[in-house]
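Here is upload23.cif, consisting of mmCIF, N, CA and C atoms:
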data_run
#
loop_
_atom_site.label_atom_id
_atom_site.label_comp_id
_atom_site.auth_asym_id
_atom_site.auth_seq_id
_atom_site.Cartn_x
_atom_site.Cartn_y
_atom_site.Cartn_z
N GLN A 30 144.26 139.79 144.15
CA GLN A 30 143.81 138.63 143.40
C GLN A 30 144.90 137.56 143.43
N VAL A 31 144.50 136.35 143.78
CA VAL A 31 145.46 135.27 143.86
C VAL A 31 145.85 134.82 142.46
N ARG A 32 147.12 134.59 142.26
CA ARG A 32 147.63 134.12 140.97
C ARG A 32 148.66 133.04 141.20
N LEU A 33 148.56 131.98 140.38
CA LEU A 33 149.54 130.90 140.40
C LEU A 33 150.23 130.90 139.04
N ALA A 34 151.53 130.99 139.03
CA ALA A 34 152.27 131.06 137.77
C ALA A 34 153.26 129.92 137.69
N GLU A 35 153.00 128.98 136.78
CA GLU A 35 153.91 127.84 136.58
C GLU A 35 154.98 128.19 135.55
N SER A 36 156.11 127.52 135.69
CA SER A 36 157.18 127.63 134.71
C SER A 36 158.04 126.37 134.79
N GLY A 37 158.91 126.22 133.81
CA GLY A 37 159.86 125.11 133.84
C GLY A 37 159.56 123.97 132.90
N GLY A 38 158.43 124.02 132.22
CA GLY A 38 158.12 122.96 131.27
C GLY A 38 159.01 123.05 130.04
N GLY A 39 158.92 122.03 129.19
CA GLY A 39 159.71 122.02 127.97
C GLY A 39 159.78 120.64 127.36
N LEU A 40 160.70 120.51 126.42
CA LEU A 40 160.92 119.24 125.72
C LEU A 40 162.18 118.59 126.26
N VAL A 41 162.08 117.31 126.61
CA VAL A 41 163.21 116.59 127.16
C VAL A 41 163.17 115.15 126.64
N GLN A 42 164.34 114.56 126.52
CA GLN A 42 164.40 113.15 126.10
C GLN A 42 164.06 112.23 127.26
N ALA A 43 163.58 111.06 126.94
CA ALA A 43 163.29 110.06 127.96
C ALA A 43 164.54 109.82 128.81
N GLY A 44 164.32 109.72 130.11
CA GLY A 44 165.42 109.57 131.05
C GLY A 44 165.93 110.88 131.61
N GLY A 45 165.51 111.98 131.02
CA GLY A 45 165.96 113.29 131.47
C GLY A 45 165.17 113.82 132.65
N SER A 46 165.47 115.07 133.01
CA SER A 46 164.86 115.70 134.17
C SER A 46 164.36 117.09 133.84
N LEU A 47 163.36 117.52 134.56
CA LEU A 47 162.86 118.89 134.52
C LEU A 47 162.44 119.27 135.93
N ARG A 48 162.50 120.56 136.23
CA ARG A 48 161.95 121.05 137.48
C ARG A 48 160.91 122.11 137.19
N LEU A 49 159.70 121.87 137.62
CA LEU A 49 158.62 122.83 137.48
C LEU A 49 158.54 123.70 138.73
N SER A 50 158.18 124.95 138.52
CA SER A 50 157.98 125.89 139.62
C SER A 50 156.58 126.48 139.54
N CYS A 51 156.02 126.79 140.70
CA CYS A 51 154.72 127.46 140.77
C CYS A 51 154.81 128.53 141.83
N VAL A 52 154.75 129.78 141.40
CA VAL A 52 154.82 130.90 142.31
C VAL A 52 153.42 131.39 142.62
N VAL A 53 153.12 131.52 143.90
CA VAL A 53 151.80 131.97 144.36
C VAL A 53 151.90 133.43 144.79
N SER A 54 151.01 134.26 144.31
CA SER A 54 151.00 135.67 144.70
C SER A 54 149.58 136.12 144.96
N GLY A 55 149.46 137.23 145.70
CA GLY A 55 148.16 137.87 145.87
C GLY A 55 147.39 137.48 147.11
N SER A 56 148.00 136.71 148.01
CA SER A 56 147.28 136.35 149.23
C SER A 56 148.27 136.22 150.39
N ARG A 57 147.83 136.66 151.55
CA ARG A 57 148.64 136.50 152.76
C ARG A 57 148.14 135.34 153.62
N LEU A 58 147.09 134.68 153.16
CA LEU A 58 146.56 133.56 153.92
C LEU A 58 147.47 132.35 153.76
N SER A 59 147.50 131.53 154.77
CA SER A 59 148.27 130.29 154.67
C SER A 59 147.57 129.30 153.77
N ILE A 60 148.36 128.60 152.97
CA ILE A 60 147.82 127.60 152.06
C ILE A 60 147.69 126.27 152.81
N ASN A 61 146.54 125.64 152.70
CA ASN A 61 146.36 124.36 153.37
C ASN A 61 147.20 123.27 152.73
N PHE A 62 147.13 123.18 151.42
CA PHE A 62 147.96 122.23 150.70
C PHE A 62 148.07 122.69 149.26
N MET A 63 149.08 122.15 148.56
CA MET A 63 149.26 122.43 147.14
C MET A 63 149.47 121.12 146.40
N ASP A 64 148.96 121.10 145.20
CA ASP A 64 149.05 119.90 144.36
C ASP A 64 149.67 120.26 143.02
N TRP A 65 150.24 119.24 142.40
CA TRP A 65 150.53 119.26 140.98
C TRP A 65 149.61 118.23 140.30
N TYR A 66 148.94 118.67 139.27
CA TYR A 66 148.12 117.80 138.43
C TYR A 66 148.73 117.78 137.03
N ARG A 67 148.29 116.82 136.24
CA ARG A 67 148.66 116.82 134.83
C ARG A 67 147.49 116.30 134.00
N GLN A 68 147.49 116.76 132.75
CA GLN A 68 146.44 116.33 131.82
C GLN A 68 147.05 116.08 130.46
N ALA A 69 146.97 114.84 130.02
CA ALA A 69 147.43 114.47 128.69
C ALA A 69 146.28 114.61 127.71
N PRO A 70 146.57 114.78 126.42
CA PRO A 70 145.50 114.93 125.43
C PRO A 70 144.51 113.77 125.47
N GLY A 71 143.23 114.12 125.53
CA GLY A 71 142.18 113.11 125.52
C GLY A 71 141.98 112.39 126.84
N GLN A 72 142.71 112.81 127.87
CA GLN A 72 142.60 112.14 129.16
C GLN A 72 142.14 113.11 130.24
N GLN A 73 141.66 112.53 131.34
CA GLN A 73 141.24 113.36 132.47
C GLN A 73 142.45 113.91 133.22
N ARG A 74 142.23 115.02 133.87
CA ARG A 74 143.29 115.59 134.70
C ARG A 74 143.51 114.66 135.89
N GLU A 75 144.77 114.39 136.19
CA GLU A 75 145.07 113.47 137.28
C GLU A 75 146.01 114.13 138.30
N LEU A 76 145.83 113.75 139.54
CA LEU A 76 146.67 114.26 140.61
C LEU A 76 148.02 113.55 140.56
N VAL A 77 149.08 114.34 140.61
CA VAL A 77 150.43 113.81 140.54
C VAL A 77 151.09 113.79 141.91
N ALA A 78 151.00 114.93 142.62
CA ALA A 78 151.69 115.03 143.91
C ALA A 78 151.02 116.10 144.76
N THR A 79 151.14 115.93 146.08
CA THR A 79 150.56 116.84 147.06
C THR A 79 151.59 117.15 148.12
N ILE A 80 151.58 118.41 148.59
CA ILE A 80 152.36 118.77 149.76
C ILE A 80 151.48 119.59 150.68
N THR A 81 151.43 119.21 151.96
CA THR A 81 150.57 119.89 152.91
C THR A 81 151.30 121.05 153.58
N ARG A 82 150.55 121.81 154.38
CA ARG A 82 151.15 122.92 155.10
C ARG A 82 152.23 122.39 156.05
N GLY A 83 151.99 121.20 156.57
CA GLY A 83 152.96 120.62 157.49
C GLY A 83 154.13 119.95 156.81
N GLY A 84 154.11 119.88 155.48
CA GLY A 84 155.24 119.32 154.75
C GLY A 84 155.07 117.87 154.36
N ALA A 85 153.94 117.27 154.70
CA ALA A 85 153.71 115.88 154.29
C ALA A 85 153.50 115.83 152.78
N THR A 86 153.97 114.77 152.17
CA THR A 86 153.85 114.64 150.71
C THR A 86 153.18 113.32 150.35
N ASN A 87 152.61 113.32 149.16
CA ASN A 87 151.98 112.11 148.64
C ASN A 87 152.10 112.15 147.13
N TYR A 88 152.22 110.95 146.53
CA TYR A 88 152.46 110.86 145.10
C TYR A 88 151.56 109.82 144.45
N ALA A 89 151.25 110.05 143.18
CA ALA A 89 150.60 109.02 142.38
C ALA A 89 151.58 107.86 142.20
N ASN A 90 151.05 106.66 142.13
CA ASN A 90 151.93 105.49 141.98
C ASN A 90 152.79 105.58 140.73
N SER A 91 152.25 106.21 139.69
CA SER A 91 152.97 106.27 138.42
C SER A 91 154.22 107.15 138.47
N VAL A 92 154.32 108.02 139.49
CA VAL A 92 155.49 108.91 139.56
C VAL A 92 156.30 108.71 140.82
N LYS A 93 155.84 107.85 141.70
CA LYS A 93 156.54 107.61 142.97
C LYS A 93 157.97 107.18 142.69
N ASP A 94 158.90 107.71 143.46
CA ASP A 94 160.34 107.44 143.34
C ASP A 94 160.99 108.11 142.13
N ARG A 95 160.22 108.86 141.34
CA ARG A 95 160.80 109.61 140.22
C ARG A 95 160.58 111.11 140.38
N PHE A 96 159.46 111.50 140.97
CA PHE A 96 159.11 112.90 141.13
C PHE A 96 159.21 113.28 142.61
N THR A 97 159.57 114.55 142.86
CA THR A 97 159.65 115.05 144.22
C THR A 97 158.99 116.43 144.29
N ILE A 98 158.02 116.57 145.18
CA ILE A 98 157.37 117.87 145.40
C ILE A 98 158.02 118.51 146.62
N SER A 99 158.23 119.81 146.53
CA SER A 99 158.82 120.54 147.65
C SER A 99 158.32 121.97 147.60
N ARG A 100 158.64 122.73 148.63
CA ARG A 100 158.19 124.13 148.62
C ARG A 100 159.20 124.99 149.34
N ASP A 101 159.19 126.25 148.97
CA ASP A 101 160.00 127.28 149.62
C ASP A 101 159.03 128.36 150.07
N ASP A 102 158.69 128.37 151.35
CA ASP A 102 157.69 129.31 151.85
C ASP A 102 158.17 130.76 151.73
N ALA A 103 159.44 130.98 151.86
CA ALA A 103 159.97 132.34 151.76
C ALA A 103 159.76 132.92 150.36
N LYS A 104 159.71 132.02 149.37
CA LYS A 104 159.51 132.46 147.98
C LYS A 104 158.10 132.21 147.49
N ASN A 105 157.23 131.70 148.37
CA ASN A 105 155.85 131.37 147.98
C ASN A 105 155.83 130.49 146.74
N THR A 106 156.71 129.52 146.72
CA THR A 106 156.89 128.70 145.53
C THR A 106 156.84 127.22 145.89
N VAL A 107 156.19 126.45 145.03
CA VAL A 107 156.20 125.00 145.14
C VAL A 107 156.87 124.45 143.89
N TYR A 108 157.63 123.39 144.05
CA TYR A 108 158.40 122.80 142.96
C TYR A 108 157.97 121.37 142.70
N LEU A 109 158.20 120.93 141.49
CA LEU A 109 158.07 119.51 141.16
C LEU A 109 159.32 119.10 140.40
N GLN A 110 160.19 118.37 141.08
CA GLN A 110 161.39 117.84 140.44
C GLN A 110 161.02 116.52 139.78
N MET A 111 161.23 116.44 138.49
CA MET A 111 160.83 115.25 137.73
C MET A 111 162.09 114.61 137.13
N ASP A 112 162.39 113.42 137.58
CA ASP A 112 163.56 112.68 137.10
C ASP A 112 163.12 111.42 136.38
N SER A 113 164.04 110.84 135.63
CA SER A 113 163.76 109.59 134.90
C SER A 113 162.45 109.70 134.11
N LEU A 114 162.32 110.80 133.40
CA LEU A 114 161.07 111.07 132.68
C LEU A 114 160.82 110.04 131.58
N LYS A 115 159.55 109.75 131.38
CA LYS A 115 159.10 108.78 130.39
C LYS A 115 158.17 109.47 129.40
N PRO A 116 158.04 108.93 128.19
CA PRO A 116 157.11 109.53 127.23
C PRO A 116 155.69 109.65 127.79
N GLU A 117 155.30 108.73 128.63
CA GLU A 117 153.94 108.79 129.19
C GLU A 117 153.77 109.89 130.23
N ASP A 118 154.84 110.57 130.58
CA ASP A 118 154.73 111.75 131.45
C ASP A 118 154.36 113.01 130.67
N THR A 119 154.30 112.90 129.35
CA THR A 119 153.93 114.05 128.51
C THR A 119 152.53 114.52 128.84
N ALA A 120 152.40 115.80 129.18
CA ALA A 120 151.11 116.37 129.59
C ALA A 120 151.29 117.85 129.85
N VAL A 121 150.17 118.52 130.05
CA VAL A 121 150.20 119.87 130.62
C VAL A 121 150.12 119.70 132.14
N TYR A 122 151.05 120.34 132.83
CA TYR A 122 151.12 120.24 134.28
C TYR A 122 150.57 121.52 134.90
N TYR A 123 149.70 121.33 135.89
CA TYR A 123 149.04 122.44 136.56
C TYR A 123 149.33 122.41 138.06
N CYS A 124 149.52 123.58 138.64
CA CYS A 124 149.56 123.61 140.10
C CYS A 124 148.22 124.09 140.62
N TYR A 125 147.94 123.71 141.84
CA TYR A 125 146.65 123.93 142.48
C TYR A 125 146.92 124.28 143.93
N ALA A 126 146.27 125.36 144.40
CA ALA A 126 146.48 125.79 145.78
C ALA A 126 145.14 125.82 146.50
N ALA A 127 145.11 125.19 147.67
CA ALA A 127 143.90 125.16 148.49
C ALA A 127 144.08 126.09 149.68
N PHE A 128 143.39 127.22 149.64
CA PHE A 128 143.38 128.17 150.75
C PHE A 128 142.20 127.86 151.66
N PRO A 129 142.13 128.46 152.83
CA PRO A 129 141.00 128.18 153.73
C PRO A 129 139.64 128.51 153.13
N THR A 130 139.59 129.51 152.23
CA THR A 130 138.29 129.95 151.73
C THR A 130 138.09 129.74 150.24
N ALA A 131 139.12 129.38 149.52
CA ALA A 131 138.99 129.21 148.07
C ALA A 131 140.17 128.41 147.54
N ASN A 132 139.98 127.89 146.33
CA ASN A 132 141.03 127.12 145.66
C ASN A 132 141.35 127.75 144.32
N TYR A 133 142.60 127.57 143.88
CA TYR A 133 143.02 128.24 142.65
C TYR A 133 143.88 127.31 141.81
N TRP A 134 143.79 127.53 140.49
CA TRP A 134 144.60 126.79 139.52
C TRP A 134 145.56 127.73 138.81
N GLY A 135 146.70 127.17 138.42
CA GLY A 135 147.58 127.88 137.51
C GLY A 135 147.14 127.66 136.08
N GLN A 136 147.87 128.29 135.14
CA GLN A 136 147.48 128.21 133.72
C GLN A 136 148.06 126.98 133.04
N GLY A 137 149.02 126.32 133.67
CA GLY A 137 149.59 125.10 133.12
C GLY A 137 150.89 125.35 132.38
N THR A 138 151.73 124.33 132.35
CA THR A 138 152.98 124.36 131.60
C THR A 138 153.16 123.01 130.91
N GLN A 139 153.53 123.06 129.64
CA GLN A 139 153.63 121.84 128.83
C GLN A 139 154.94 121.11 129.09
N VAL A 140 154.82 119.82 129.33
CA VAL A 140 155.99 118.95 129.43
C VAL A 140 155.87 117.89 128.34
N THR A 141 156.89 117.80 127.50
CA THR A 141 156.90 116.82 126.43
C THR A 141 158.16 115.96 126.55
N VAL A 142 157.97 114.66 126.63
CA VAL A 142 159.09 113.73 126.78
C VAL A 142 159.18 112.88 125.50
N SER A 143 160.29 113.01 124.80
CA SER A 143 160.47 112.27 123.55
C SER A 143 161.16 110.93 123.82
N SER A 144 160.81 109.95 123.00
CA SER A 144 161.40 108.61 123.19
C SER A 144 162.68 108.46 122.39
#

Let me see the structure of the file written as structure tokens.
Amino acid sequence: QVRLAESGGGLVQAGGSLRLSCVVSGSRLSINFMDWYRQAPGQQRELVATITRGGATNYANSVKDRFTISRDDAKNTVYLQMDSLKPEDTAVYYCYAAFPTANYWGQGTQVTVSS
């Protein structure tokens, strides 16, 4: 059974940094791409960053130049380095994995940025 386990969330002051991790287990299939999404209270889930199998990345305009998505294939892990955090970055962050035959979500990790 495929499982995505996020970690690294927490409370940080504005201007600070956090690094989120998402460990993928339970499948030997290659992942087509992985995303980080976030959802703030009362708002729709939004795409934050994407990394493809080939290593190409893409970011939402709101986080460009502040967030960096990366992956370590040996550890089956994708990361989201978040710098210069703002209160509006407060949300539950989810990782998402797209396999050839199915897609999976993690359970989410809370990020809270205080002003």

Around all the atoms of segment 123-140 of chain A listed in the file, with 3 Å of room on each side, what axis-aligned box do you get, giving centre and edge lengths in Å to one decimal, as lines of an AutoDock Vina configuration file?
center_x = 147.0
center_y = 123.9
center_z = 141.0
size_x = 23.9
size_y = 18.1
size_z = 31.4

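The closest residue to Ser143 of chain A, picked from A:Ser54, A:Gln42, A:Asn90, A:Thr130 and counting all atoms listed in the file, is A:Gln42.
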
DSSP strand (DSSP E) residues within chain A, as a PyMOL selection string: chain A and resi 32-36+39-42+47-54+62-68+75-81+86-88+96-101+106-111+120-127+132-134+138-143

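Once the PyMOL selection byres ((chain A and resi 102-108) around 6) is applied to the depicted file, the selected set reads Leu49, Ser50, Cys51, Val52, Val53, Thr97, Ile98, Ser99, Arg100, Asp101, Leu109 and Gln110 of chain A.
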
Result set, the PyMOL selection byres (((chain A and resi 134 and name CA) around 9) and name CA) on current file, as a list in words: Arg32, Leu33, Ala34, Tyr123, Cys124, Tyr125, Ala126, Asn132, Tyr133, Gly135, Gln136 and Gly137 of chain A

Test item: residues at most 5 Å from Gly38 of chain A, only N, CA and C atoms, excluding those fewer than 4 positions along its chain, as a list in words: Thr138, Gln139 and Val140 of chain A

On this structure, which residues satisfy the PyMOL selection byres ((chain A and resi 118) around 6.5), written as a short mmCIF file (atom, residue, chain, number, x, y, z; two decimals) with N, CA and C atoms, keeping the file's coordinate frame?
data_model
loop_
_atom_site.label_atom_id
_atom_site.label_comp_id
_atom_site.auth_asym_id
_atom_site.auth_seq_id
_atom_site.Cartn_x
_atom_site.Cartn_y
_atom_site.Cartn_z
N LEU A 114 162.32 110.80 133.40
CA LEU A 114 161.07 111.07 132.68
C LEU A 114 160.82 110.04 131.58
N LYS A 115 159.55 109.75 131.38
CA LYS A 115 159.10 108.78 130.39
C LYS A 115 158.17 109.47 129.40
N PRO A 116 158.04 108.93 128.19
CA PRO A 116 157.11 109.53 127.23
C PRO A 116 155.69 109.65 127.79
N GLU A 117 155.30 108.73 128.63
CA GLU A 117 153.94 108.79 129.19
C GLU A 117 153.77 109.89 130.23
N THR A 119 154.30 112.90 129.35
CA THR A 119 153.93 114.05 128.51
C THR A 119 152.53 114.52 128.84
N ALA A 120 152.40 115.80 129.18
CA ALA A 120 151.11 116.37 129.59
C ALA A 120 151.29 117.85 129.85
N VAL A 140 154.82 119.82 129.33
CA VAL A 140 155.99 118.95 129.43
C VAL A 140 155.87 117.89 128.34
N THR A 141 156.89 117.80 127.50
CA THR A 141 156.90 116.82 126.43
C THR A 141 158.16 115.96 126.55
N VAL A 142 157.97 114.66 126.63
CA VAL A 142 159.09 113.73 126.78
C VAL A 142 159.18 112.88 125.50
#

Length of the atom CA of Leu47 of chain A to atom N of Val31 of chain A vector [Å]: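 Interatomic distance, atom CA of Leu47 of chain A to atom N of Val31 of chain A: 27.0 Å.
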
Separation of atom CA of Phe62 of chain A from atom CA of Ile80 of chain A in Å: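 About the pair atom CA of Ile80 of chain A and atom CA of Phe62 of chain A: they are 5.7 Å apart.
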
Atomic distance atom CA of Ala78 of chain A - atom CA of Tyr122 of chain A, expressed in Å with one decimal: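 Distance between the two atoms: 11.0 Å.
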
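If you measure from each of A:Gly44, A:Gln30, A:Ser59, A:Thr86 to Ser144 of chain A using all atoms listed in the file, the closest one turns out to be A:Gly44.
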
Expected answer as a list in words: helix (DSSP H, G or I) residues in segment 62-139 of chain A: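 DSSP-assigned helix (DSSP H, G or I) residues in segment 62-139 of chain A: Asp102, Ala103, Lys104, Pro116, Glu117 and Asp118 of chain A.
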
Can you put all heavy atoms back into segment 127-138 of chain A and show it as a JSON list (two decimals), in the coordinates of the input?
[["chain", "number", "residue", "atom", "x", "y", "z"],
["A", 127, "ALA", "N", 145.11, 125.19, 147.67],
["A", 127, "ALA", "CA", 143.90, 125.16, 148.49],
["A", 127, "ALA", "C", 144.08, 126.09, 149.68],
["A", 127, "ALA", "O", 144.86, 125.80, 150.60],
["A", 127, "ALA", "CB", 143.63, 123.74, 148.96],
["A", 128, "PHE", "N", 143.39, 127.22, 149.64],
["A", 128, "PHE", "CA", 143.38, 128.17, 150.75],
["A", 128, "PHE", "C", 142.20, 127.86, 151.66],
["A", 128, "PHE", "O", 141.31, 127.09, 151.28],
["A", 128, "PHE", "CB", 143.25, 129.59, 150.20],
["A", 128, "PHE", "CG", 144.50, 130.11, 149.55],
["A", 128, "PHE", "CD1", 144.77, 129.82, 148.22],
["A", 128, "PHE", "CD2", 145.39, 130.91, 150.24],
["A", 128, "PHE", "CE1", 145.92, 130.30, 147.60],
["A", 128, "PHE", "CE2", 146.53, 131.41, 149.62],
["A", 128, "PHE", "CZ", 146.79, 131.10, 148.31],
["A", 129, "PRO", "N", 142.13, 128.46, 152.83],
["A", 129, "PRO", "CA", 141.00, 128.18, 153.73],
["A", 129, "PRO", "C", 139.64, 128.51, 153.13],
["A", 129, "PRO", "O", 138.66, 127.85, 153.45],
["A", 129, "PRO", "CB", 141.30, 129.08, 154.94],
["A", 129, "PRO", "CG", 142.77, 129.25, 154.92],
["A", 129, "PRO", "CD", 143.16, 129.29, 153.48],
["A", 130, "THR", "N", 139.59, 129.51, 152.23],
["A", 130, "THR", "CA", 138.29, 129.95, 151.73],
["A", 130, "THR", "C", 138.09, 129.74, 150.24],
["A", 130, "THR", "O", 136.98, 129.91, 149.73],
["A", 130, "THR", "CB", 138.09, 131.45, 152.03],
["A", 130, "THR", "OG1", 139.18, 132.18, 151.46],
["A", 130, "THR", "CG2", 138.06, 131.70, 153.53],
["A", 131, "ALA", "N", 139.12, 129.38, 149.52],
["A", 131, "ALA", "CA", 138.99, 129.21, 148.07],
["A", 131, "ALA", "C", 140.17, 128.41, 147.54],
["A", 131, "ALA", "O", 141.21, 128.31, 148.20],
["A", 131, "ALA", "CB", 138.91, 130.56, 147.37],
["A", 132, "ASN", "N", 139.98, 127.89, 146.33],
["A", 132, "ASN", "CA", 141.03, 127.12, 145.66],
["A", 132, "ASN", "C", 141.35, 127.75, 144.32],
["A", 132, "ASN", "O", 140.46, 128.34, 143.68],
["A", 132, "ASN", "CB", 140.57, 125.67, 145.45],
["A", 132, "ASN", "CG", 140.13, 125.02, 146.74],
["A", 132, "ASN", "OD1", 140.73, 125.23, 147.78],
["A", 132, "ASN", "ND2", 139.05, 124.26, 146.67],
["A", 133, "TYR", "N", 142.60, 127.57, 143.88],
["A", 133, "TYR", "CA", 143.02, 128.24, 142.65],
["A", 133, "TYR", "C", 143.88, 127.31, 141.81],
["A", 133, "TYR", "O", 144.61, 126.46, 142.34],
["A", 133, "TYR", "CB", 143.83, 129.50, 142.98],
["A", 133, "TYR", "CG", 143.04, 130.53, 143.76],
["A", 133, "TYR", "CD1", 143.05, 130.51, 145.15],
["A", 133, "TYR", "CD2", 142.29, 131.51, 143.11],
["A", 133, "TYR", "CE1", 142.32, 131.44, 145.88],
["A", 133, "TYR", "CE2", 141.57, 132.44, 143.82],
["A", 133, "TYR", "CZ", 141.59, 132.40, 145.20],
["A", 133, "TYR", "OH", 140.87, 133.32, 145.92],
["A", 134, "TRP", "N", 143.79, 127.53, 140.49],
["A", 134, "TRP", "CA", 144.60, 126.79, 139.52],
["A", 134, "TRP", "C", 145.56, 127.73, 138.81],
["A", 134, "TRP", "O", 145.23, 128.89, 138.57],
["A", 134, "TRP", "CB", 143.71, 126.15, 138.45],
["A", 134, "TRP", "CG", 142.87, 125.01, 138.92],
["A", 134, "TRP", "CD1", 141.58, 125.08, 139.36],
["A", 134, "TRP", "CD2", 143.24, 123.64, 138.97],
["A", 134, "TRP", "NE1", 141.14, 123.82, 139.68],
["A", 134, "TRP", "CE2", 142.13, 122.92, 139.44],
["A", 134, "TRP", "CE3", 144.40, 122.93, 138.64],
["A", 134, "TRP", "CZ2", 142.14, 121.53, 139.61],
["A", 134, "TRP", "CZ3", 144.43, 121.56, 138.82],
["A", 134, "TRP", "CH2", 143.31, 120.87, 139.30],
["A", 135, "GLY", "N", 146.70, 127.17, 138.42],
["A", 135, "GLY", "CA", 147.58, 127.88, 137.51],
["A", 135, "GLY", "C", 147.14, 127.66, 136.08],
["A", 135, "GLY", "O", 146.19, 126.91, 135.80],
["A", 136, "GLN", "N", 147.87, 128.29, 135.14],
["A", 136, "GLN", "CA", 147.48, 128.21, 133.72],
["A", 136, "GLN", "C", 148.06, 126.98, 133.04],
["A", 136, "GLN", "O", 147.64, 126.65, 131.91],
["A", 136, "GLN", "CB", 147.95, 129.48, 132.99],
["A", 136, "GLN", "CG", 149.41, 129.49, 132.56],
["A", 136, "GLN", "CD", 150.40, 129.66, 133.71],
["A", 136, "GLN", "OE1", 150.01, 129.96, 134.83],
["A", 136, "GLN", "NE2", 151.68, 129.48, 133.41],
["A", 137, "GLY", "N", 149.02, 126.32, 133.67],
["A", 137, "GLY", "CA", 149.59, 125.10, 133.12],
["A", 137, "GLY", "C", 150.89, 125.35, 132.38],
["A", 137, "GLY", "O", 151.12, 126.44, 131.84],
["A", 138, "THR", "N", 151.73, 124.33, 132.35],
["A", 138, "THR", "CA", 152.98, 124.36, 131.60],
["A", 138, "THR", "C", 153.16, 123.01, 130.91],
["A", 138, "THR", "O", 152.93, 121.96, 131.52],
["A", 138, "THR", "CB", 154.18, 124.70, 132.51],
["A", 138, "THR", "OG1", 155.36, 124.85, 131.72],
["A", 138, "THR", "CG2", 154.42, 123.64, 133.58]]
